[in-house]
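Colleague: This is the content of run.cif (mmCIF, C-alpha atoms):
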```
data_coords
loop_
_atom_site.label_atom_id
_atom_site.label_comp_id
_atom_site.auth_asym_id
_atom_site.auth_seq_id
_atom_site.Cartn_x
_atom_site.Cartn_y
_atom_site.Cartn_z
CA MET A 1 227.17 -277.14 4.53
CA ASN A 2 229.62 -274.41 5.51
CA THR A 3 232.26 -276.07 3.42
CA CYS A 4 229.92 -276.07 0.46
CA ILE A 5 229.34 -272.34 0.77
CA THR A 6 233.04 -271.60 1.12
CA LEU A 7 233.87 -273.81 -1.83
CA SER A 8 231.26 -272.21 -4.05
CA LYS A 9 232.51 -268.77 -3.04
CA ILE A 10 235.99 -269.74 -4.11
CA ARG A 11 234.70 -271.28 -7.30
CA ALA A 12 232.63 -268.21 -8.09
CA GLY A 13 235.72 -266.00 -8.25
CA MET A 14 237.66 -268.47 -10.27
CA ASP A 15 237.79 -269.64 -13.83
CA SER A 16 236.35 -273.13 -13.57
CA VAL A 17 237.47 -274.05 -17.09
CA ALA A 18 241.08 -273.42 -16.12
CA PHE A 19 240.59 -275.34 -12.87
CA ARG A 20 239.18 -278.36 -14.71
CA ARG A 21 241.99 -278.13 -17.23
CA GLY A 22 244.45 -278.45 -14.33
CA VAL A 23 242.62 -281.47 -12.96
CA ARG A 24 242.67 -283.07 -16.40
CA ASP A 25 246.38 -282.40 -16.96
CA VAL A 26 247.40 -283.90 -13.63
CA SER A 27 245.30 -287.06 -14.01
CA PRO A 28 247.88 -289.18 -15.85
CA LEU A 29 250.45 -288.35 -13.15
CA LEU A 30 248.20 -289.87 -10.51
CA LEU A 31 249.29 -293.31 -11.68
CA GLY A 32 252.61 -292.55 -10.03
CA ILE A 33 251.19 -290.66 -7.04
CA VAL A 34 248.73 -293.32 -5.91
CA PRO A 35 251.26 -296.11 -5.19
CA PHE A 36 253.65 -293.49 -3.78
CA GLY A 37 251.03 -292.32 -1.26
CA VAL A 38 250.00 -295.85 -0.34
CA VAL A 39 253.65 -296.71 0.33
CA ALA A 40 254.02 -293.59 2.50
CA GLY A 41 251.08 -294.78 4.62
CA ILE A 42 252.24 -298.39 4.89
CA ALA A 43 255.86 -297.44 5.63
CA ALA A 44 254.88 -294.94 8.35
CA VAL A 45 252.87 -297.53 10.26
CA GLU A 46 255.56 -300.19 9.73
CA ALA A 47 258.08 -297.77 11.24
CA GLY A 48 255.95 -297.62 14.37
CA MET A 49 253.91 -294.49 13.72
CA SER A 50 250.17 -294.26 14.28
CA VAL A 51 247.66 -293.81 11.45
CA LEU A 52 247.12 -290.27 12.73
CA GLN A 53 250.85 -289.53 12.55
CA ALA A 54 251.00 -290.95 9.02
CA LEU A 55 248.20 -288.59 7.98
CA GLY A 56 249.73 -285.77 10.04
CA MET A 57 252.94 -286.08 8.04
CA SER A 58 251.06 -285.96 4.75
CA VAL A 59 249.10 -282.86 5.80
CA VAL A 60 251.86 -280.97 7.62
CA ILE A 61 254.82 -281.84 5.38
CA PHE A 62 253.05 -282.75 2.11
CA ALA A 63 256.27 -283.70 0.30
CA GLY A 64 256.54 -287.39 -0.53
CA ALA A 65 260.26 -287.98 -0.94
CA SER A 66 261.12 -286.23 2.34
CA GLN A 67 258.32 -288.05 4.14
CA LEU A 68 259.58 -291.45 3.00
CA ALA A 69 263.17 -290.61 3.91
CA ALA A 70 262.08 -289.41 7.36
CA ILE A 71 259.99 -292.55 7.88
CA GLU A 72 262.90 -294.78 6.88
CA LEU A 73 265.23 -293.03 9.34
CA VAL A 74 262.63 -293.07 12.12
CA GLY A 75 262.20 -296.82 11.61
CA GLN A 76 265.95 -297.23 12.18
CA GLY A 77 265.86 -295.23 15.41
CA THR A 78 267.88 -292.31 14.02
CA PRO A 79 268.19 -289.20 16.24
CA LEU A 80 265.37 -286.82 15.35
CA THR A 81 267.77 -283.97 14.56
CA VAL A 82 269.27 -286.06 11.75
CA VAL A 83 265.75 -286.97 10.57
CA VAL A 84 264.77 -283.29 10.39
CA VAL A 85 267.96 -282.16 8.63
CA THR A 86 267.73 -284.95 6.06
CA ALA A 87 264.08 -284.23 5.25
CA VAL A 88 264.73 -280.50 4.91
CA VAL A 89 267.75 -281.04 2.64
CA ILE A 90 265.58 -283.17 0.37
CA ASN A 91 263.04 -280.36 0.17
CA LEU A 92 265.61 -277.66 -0.60
CA ARG A 93 265.00 -278.30 -4.30
CA MET A 94 261.69 -276.47 -3.90
CA LEU A 95 263.64 -273.21 -3.49
CA MET A 96 264.23 -273.47 -7.23
CA TYR A 97 260.55 -274.00 -7.95
CA SER A 98 259.57 -271.11 -5.69
CA ALA A 99 262.00 -268.75 -7.42
CA SER A 100 260.95 -269.88 -10.87
CA ILE A 101 257.19 -269.60 -10.36
CA ALA A 102 257.25 -266.44 -8.16
CA PRO A 103 257.06 -263.89 -11.03
CA TYR A 104 253.74 -265.40 -12.18
CA PHE A 105 252.21 -264.98 -8.70
CA GLN A 106 253.59 -261.53 -7.91
CA SER A 107 250.37 -259.58 -8.47
CA LEU A 108 248.40 -261.72 -6.01
CA PRO A 109 247.60 -260.72 -2.42
CA SER A 110 250.13 -262.13 0.02
CA ARG A 111 247.56 -264.36 1.73
CA VAL A 112 246.77 -266.07 -1.55
CA ARG A 113 250.48 -266.49 -2.26
CA GLY A 114 250.88 -268.01 1.20
CA GLY A 115 248.24 -270.59 0.38
CA LEU A 116 249.61 -271.39 -3.07
CA ALA A 117 253.08 -271.89 -1.56
CA TYR A 118 251.79 -274.62 0.77
CA LEU A 119 250.57 -276.59 -2.26
CA LEU A 120 253.84 -276.32 -4.21
CA THR A 121 255.10 -279.76 -5.28
CA ASP A 122 257.29 -281.21 -8.04
CA GLN A 123 254.26 -281.99 -10.17
CA ALA A 124 252.29 -278.78 -9.52
CA TYR A 125 255.38 -276.77 -10.39
CA ALA A 126 256.23 -278.72 -13.54
CA LEU A 127 252.74 -278.62 -15.05
CA SER A 128 252.00 -274.99 -14.14
CA ILE A 129 255.29 -273.51 -15.27
CA ALA A 130 255.00 -275.30 -18.62
CA ARG A 131 251.55 -273.81 -19.11
CA TYR A 132 252.53 -270.29 -18.00
CA ARG A 133 255.55 -270.31 -20.28
CA ASP A 134 253.33 -271.30 -23.19
CA GLY A 135 251.86 -267.86 -22.68
CA ASP A 136 248.49 -269.02 -21.45
CA ASP A 137 247.31 -266.19 -19.21
CA ALA A 138 243.85 -267.60 -18.54
CA ASP A 139 243.38 -267.79 -14.79
CA ARG A 140 246.77 -268.94 -13.56
CA VAL A 141 245.65 -269.51 -10.00
CA ALA A 142 242.70 -271.64 -11.07
CA TYR A 143 244.90 -273.87 -13.21
CA TYR A 144 247.49 -274.21 -10.44
CA LEU A 145 244.78 -275.09 -7.92
CA GLY A 146 243.27 -277.65 -10.29
CA VAL A 147 246.60 -279.46 -10.38
CA ALA A 148 247.72 -278.89 -6.78
CA VAL A 149 244.46 -279.49 -4.94
CA THR A 150 243.92 -282.73 -6.86
CA LEU A 151 247.39 -283.89 -5.81
CA TRP A 152 246.73 -282.88 -2.21
CA VAL A 153 243.43 -284.76 -1.97
CA VAL A 154 244.81 -287.91 -3.62
CA TRP A 155 247.91 -287.78 -1.41
CA GLN A 156 245.88 -287.65 1.83
CA ILE A 157 243.46 -290.39 0.77
CA THR A 158 246.19 -292.78 -0.37
CA THR A 159 248.29 -292.18 2.76
CA VAL A 160 245.36 -293.11 5.01
CA ALA A 161 244.49 -296.09 2.82
CA GLY A 162 248.06 -297.41 3.08
CA ALA A 163 248.25 -296.76 6.81
CA LEU A 164 244.98 -298.63 7.43
CA ALA A 165 245.89 -301.52 5.13
CA GLN A 166 249.29 -302.06 6.73
CA ALA A 167 247.97 -304.22 9.57
CA GLY A 168 246.57 -306.74 7.10
CA ILE A 169 249.78 -307.20 5.14
CA PRO A 170 252.16 -310.02 6.16
CA GLU A 171 255.61 -308.73 7.07
CA SER A 172 257.31 -311.47 5.04
CA LEU A 173 256.18 -309.73 1.82
CA GLY A 174 258.86 -307.14 2.52
CA LEU A 175 256.77 -304.19 1.39
CA GLU A 176 259.30 -301.78 2.94
CA PHE A 177 261.33 -302.46 -0.20
CA THR A 178 258.81 -300.41 -2.19
CA VAL A 179 260.27 -297.25 -0.59
CA PRO A 180 263.64 -297.32 -2.40
CA LEU A 181 261.81 -298.46 -5.54
CA VAL A 182 259.76 -295.26 -5.53
CA PHE A 183 262.95 -293.24 -5.10
CA LEU A 184 264.54 -295.16 -7.96
CA ALA A 185 261.71 -294.24 -10.32
CA LEU A 186 262.20 -290.58 -9.36
CA LEU A 187 265.98 -290.81 -9.63
CA VAL A 188 266.16 -291.81 -13.29
CA PRO A 189 264.55 -288.65 -14.71
CA ALA A 190 266.60 -286.56 -12.24
CA MET A 191 269.81 -287.84 -13.87
CA GLU A 192 269.14 -285.86 -17.04
CA ASP A 193 272.63 -284.84 -18.17
CA ARG A 194 276.28 -285.55 -17.40
CA PRO A 195 276.69 -283.46 -14.23
CA THR A 196 273.43 -284.70 -12.67
CA THR A 197 274.34 -288.30 -13.58
CA VAL A 198 277.73 -287.92 -11.89
CA ALA A 199 276.02 -286.35 -8.86
CA GLY A 200 273.78 -289.41 -8.61
CA LEU A 201 276.49 -292.02 -9.14
CA VAL A 202 278.87 -290.41 -6.66
CA GLY A 203 276.12 -289.64 -4.12
CA GLY A 204 274.82 -293.21 -4.19
CA THR A 205 278.23 -294.85 -3.98
CA VAL A 206 279.45 -292.65 -1.14
CA ALA A 207 276.19 -293.14 0.77
CA ALA A 208 276.53 -296.92 0.48
CA VAL A 209 280.15 -296.89 1.64
CA ALA A 210 279.38 -294.34 4.37
CA GLY A 211 276.56 -296.56 5.63
CA ILE A 212 278.86 -297.57 8.47
CA LEU A 213 278.79 -294.02 9.87
CA PRO A 214 276.91 -293.56 13.15
CA LEU A 215 273.52 -291.81 13.41
CA ASN A 216 272.64 -292.74 9.81
CA LEU A 217 274.72 -289.84 8.59
CA GLY A 218 275.63 -291.83 5.46
CA LEU A 219 272.69 -290.36 3.55
CA LEU A 220 273.64 -286.75 4.25
CA VAL A 221 277.34 -287.35 3.62
CA GLY A 222 276.63 -289.19 0.36
CA ALA A 223 274.20 -286.52 -0.84
CA SER A 224 276.64 -283.69 0.00
CA VAL A 225 279.57 -285.33 -1.79
CA GLY A 226 277.29 -286.05 -4.76
CA ILE A 227 276.23 -282.40 -4.99
CA VAL A 228 279.86 -281.25 -4.89
CA ALA A 229 280.73 -283.76 -7.62
CA GLY A 230 277.92 -282.43 -9.82
CA VAL A 231 279.08 -278.83 -9.41
CA LEU A 232 282.68 -279.82 -10.18
CA VAL A 233 281.68 -281.60 -13.39
CA GLU A 234 279.57 -278.64 -14.47
CA THR A 235 282.41 -276.20 -13.80
CA ARG A 236 284.78 -278.41 -15.72
CA MET A 237 282.44 -278.76 -18.70
CA GLU A 238 282.16 -274.98 -18.86
CA ALA A 239 285.94 -274.64 -18.84
CA GLU A 240 286.29 -277.06 -21.76
CA PRO A 241 286.08 -275.50 -25.19
CA SER A 242 282.49 -276.11 -26.19
CA ASP A 243 282.04 -277.39 -29.71
CA GLY A 244 278.28 -277.34 -29.40
CA HIS A 245 277.82 -281.11 -29.53
CA MET B 1 259.84 -302.27 13.92
CA ALA B 2 258.73 -299.98 16.68
CA THR B 3 260.00 -296.48 17.18
CA SER B 4 261.75 -295.59 20.37
CA TYR B 5 260.64 -291.96 20.47
CA ALA B 6 258.13 -290.40 22.79
CA ASP B 7 254.97 -289.43 20.91
CA PRO B 8 255.32 -285.64 21.42
CA MET B 9 258.92 -285.79 20.16
CA LEU B 10 257.85 -287.45 16.93
CA TRP B 11 255.04 -284.95 16.44
CA GLY B 12 257.53 -282.18 17.15
CA ALA B 13 259.84 -283.47 14.42
CA ILE B 14 256.94 -283.68 11.96
CA VAL B 15 255.89 -280.10 12.72
CA VAL B 16 259.45 -278.74 12.47
CA ILE B 17 259.97 -280.45 9.09
CA GLY B 18 256.59 -279.08 8.00
CA ILE B 19 257.38 -275.50 9.00
CA LEU B 20 260.84 -275.50 7.42
CA THR B 21 259.46 -277.09 4.25
CA TYR B 22 256.75 -274.44 4.09
CA LEU B 23 259.32 -271.66 4.47
CA ILE B 24 261.32 -273.17 1.59
CA ARG B 25 258.19 -273.21 -0.58
CA LEU B 26 257.19 -269.70 0.43
CA SER B 27 260.67 -268.16 0.07
CA PHE B 28 260.59 -266.55 -3.35
CA ILE B 29 256.82 -266.66 -3.82
CA GLY B 30 256.44 -264.67 -0.60
CA LEU B 31 259.37 -262.33 -1.00
CA PHE B 32 259.22 -261.54 -4.70
CA GLY B 33 260.19 -257.95 -5.18
CA TYR B 34 262.68 -258.11 -2.33
CA LEU B 35 264.35 -261.22 -3.60
CA ASP B 36 264.02 -261.65 -7.34
CA ASP B 37 266.57 -264.24 -8.27
CA ILE B 38 268.39 -267.11 -6.66
CA PRO B 39 272.04 -266.13 -6.20
CA SER B 40 274.00 -268.33 -8.61
CA ALA B 41 276.23 -269.55 -5.78
CA LEU B 42 273.09 -271.19 -4.41
CA GLU B 43 271.46 -272.15 -7.68
CA ARG B 44 274.31 -274.36 -8.83
CA PRO B 45 274.36 -276.78 -5.92
CA LEU B 46 270.55 -276.83 -5.80
CA ARG B 47 270.44 -278.28 -9.28
CA TYR B 48 272.17 -281.41 -8.00
CA VAL B 49 270.09 -281.95 -4.87
CA PRO B 50 267.49 -284.28 -6.40
CA ALA B 51 269.91 -286.66 -8.15
CA ALA B 52 272.39 -286.80 -5.27
CA VAL B 53 269.82 -287.22 -2.51
CA LEU B 54 267.69 -289.77 -4.33
CA ALA B 55 270.72 -291.87 -5.27
CA ALA B 56 271.97 -291.70 -1.67
CA LEU B 57 268.59 -293.11 -0.63
CA VAL B 58 268.44 -295.80 -3.31
CA VAL B 59 271.89 -297.38 -3.51
CA PRO B 60 272.32 -298.32 0.18
CA ALA B 61 268.79 -299.77 0.19
CA LEU B 62 269.47 -302.04 -2.81
CA VAL B 63 272.87 -303.25 -1.62
CA THR B 64 272.14 -304.26 1.96
CA LEU B 65 273.54 -306.88 4.22
CA GLY B 66 271.08 -309.60 5.24
CA ASP B 67 271.56 -312.36 7.79
CA GLY B 68 274.31 -314.14 5.87
CA GLY B 69 275.98 -311.55 3.64
CA VAL B 70 274.43 -309.46 0.89
CA ALA B 71 270.63 -309.70 0.74
CA VAL B 72 270.26 -311.47 -2.62
CA ASP B 73 266.52 -310.93 -2.93
CA ARG B 74 266.90 -307.14 -2.68
CA LEU B 75 269.85 -307.16 -5.03
CA VAL B 76 267.96 -309.08 -7.74
CA GLY B 77 264.74 -307.10 -7.27
CA GLY B 78 266.77 -303.90 -7.34
CA ALA B 79 268.62 -304.85 -10.53
CA LEU B 80 265.33 -305.64 -12.27
CA ALA B 81 263.83 -302.38 -11.04
CA VAL B 82 266.81 -300.35 -12.27
CA THR B 83 266.34 -301.77 -15.77
CA VAL B 84 262.61 -301.06 -15.79
CA ALA B 85 263.01 -297.58 -14.25
CA TRP B 86 265.55 -296.73 -16.94
CA ARG B 87 263.25 -297.79 -19.76
CA THR B 88 259.87 -296.62 -18.48
CA GLU B 89 260.50 -293.91 -15.82
CA SER B 90 257.22 -295.18 -14.37
CA VAL B 91 256.76 -295.44 -10.60
CA PHE B 92 254.23 -298.23 -10.94
CA ALA B 93 256.24 -300.39 -13.38
CA THR B 94 259.39 -299.92 -11.30
CA MET B 95 257.63 -301.05 -8.13
CA ALA B 96 256.09 -304.04 -9.90
CA ALA B 97 259.44 -305.18 -11.30
CA GLY B 98 261.30 -304.70 -8.03
CA MET B 99 258.76 -306.44 -5.84
CA GLY B 100 258.31 -309.21 -8.43
CA GLY B 101 262.04 -309.89 -8.45
CA LEU B 102 262.23 -309.79 -4.65
CA TRP B 103 259.33 -312.22 -4.23
CA ILE B 104 260.57 -314.67 -6.86
CA VAL B 105 263.97 -314.90 -5.19
CA ARG B 106 262.59 -314.90 -1.64
CA PHE B 107 259.74 -317.37 -2.07
CA LEU B 108 260.74 -319.54 -5.05
CA VAL B 109 264.51 -319.52 -5.61
CA LEU B 110 265.99 -319.30 -2.10
CA PRO B 111 263.77 -322.02 -0.56
CA ALA B 112 264.65 -324.35 -3.47
CA LEU B 113 268.39 -323.97 -2.93
#
```
Using structure tokens, write down the structure from this file.

Modeller:
Amino acid sequence: MNTCITLSKIRAGMDSVAFRRGVRDVSPLLLGIVPFGVVAGIAAVEAGMSVLQALGMSVVIFAGASQLAAIELVGQGTPLTVVVVTAVVINLRMLMYSASIAPYFQSLPSRVRGGLAYLLTDQAYALSIARYRDGDDADRVAYYLGVAVTLWVVWQITTVAGALAQAGIPESLGLEFTVPLVFLALLVPAMEDRPTTVAGLVGGTVAAVAGILPLNLGLLVGASVGIVAGVLVETRMEAEPSDGH
Amino acid sequence: MATSYADPMLWGAIVVIGILTYLIRLSFIGLFGYLDDIPSALERPLRYVPAAVLAALVVPALVTLGDGGVAVDRLVGGALAVTVAWRTESVFATMAAGMGGLWIVRFLVLPAL
């Protein structure tokens, strides 16, 4: 009842057309989010976490790639400091999103901005920034919330569904293999040009070779070397005479 | 696979990751006006975080050692998934191809050898 009142209050001050537009635009992306969330739930419980911890991760962290990486490391008994550092490094990319979207939120009260920041994800950023840049000034917050709240709700539901279903799935199916498969599907679009491709190839190779390092540091070492490689290639391409092709 | 951490420790790690992740998200959105642009010394490396980190997660997981050498089922499933990911960029299709390859090798090919 209280929730209904609060929700209607929020809705009253908001452009519901823009909100629905956001929901509609994010719908096709849910095809990728649903299996991702289910895997996050299954993997958490397989790694020895409780259903509550699986949901806790999805609510408190709300960032799929870092959650899956943390779960994987936890399952291997990695020291928690390494788990935390790895997860945070993965989420550093959101600094870029925050900087890029900030000018569009600058006129809002800081409490609203604080709430919008919590909901910032790859997908919410990508859809919203595309729309803002198109020059659509119809309620920006409503559109963002349409996208981001939908993602949040679906993420929580699918995490719990996966966590609850885990007990009924035979271990021999090897469902933990779905975790790197999700990452793979995200990796391909991330390797969009020559420097990012080099960053990926070098990062992956070094991580595999460095897998013998203690404390599961291979991931961080591989990622760091990959980032350096990407920067070096970019610097080098800039130094080359550009012929525009 | 059971974790060896005490429950409060694991919760602590989850909360710390959550707080730091929130601060990353809030950074520029919260401080706009004080902090308008990412310094380029920071922006450059950030551009390569997704590709480098994701690859560092993927490659070691596809090329793993099983009981007797390289885990063939993961290698085959992974190779199939790479092809499908490249063509479709779809999470669902990639998972289907990878798991399909893994299961075919694990349940049909390996037992028949």

Colleague: Would you give me, as number ranges by chain, the residues of chain B that come within 7 Å of chain A, using all atoms listed in the file?

Modeller: B: 1-4, 13-15, 17-18, 20-22, 24-30, 32, 37-38, 44-46, 48-61, 85-86, 89-92, 94-95, 98

Colleague: Translate the PyMOL selection byres ((chain A and resi 124) around 9), as applied to the file shown, into an explicit residue set as JSON, numbers by chain.

Modeller: {"A": [26, 119, 120, 121, 122, 123, 125, 126, 127, 128, 129, 144, 145, 147, 148, 151]}

Colleague: Excluding segment 75-79 of chain B and any residue of its chain fewer than 2 positions from it, enumerate the residues within 8 Å of it, using only C-alpha atoms, and give them as a ChimeraX atom specification.

Modeller: /A:181 /B:62-64,70-73,81-83,97-102,105

Colleague: Which one is closest to Gly37 of chain A: A:Val51, A:Ala138, A:Ala161, A:Leu73? Count all atoms listed in the file.

Modeller: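 Result for the nearest residue to Gly37 of chain A: A:Ala161.
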
Colleague: Set the distance at 6 Å and use all atoms listed in the file: which residues neighbour Val38 of chain A once local chain neighbours fewer than 2 positions away are removed? I'd like the list as a PyMOL selection string.

Modeller: chain A and resi 35-36+40-41+158-159+162

Colleague: So how far away is atom CA of Ala142 of chain A from atom CA of Arg21 of chain A, in Å?

Modeller: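 Separation between atom CA of Arg21 of chain A and atom CA of Ala142 of chain A: 9.0 Å.
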
Colleague: Do you have the atom CA of Glu43 of chain B-atom CA of Arg140 of chain A distance handy?

Modeller: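 One can read the atom CA of Glu43 of chain B to atom CA of Arg140 of chain A distance as 25.6 Å.
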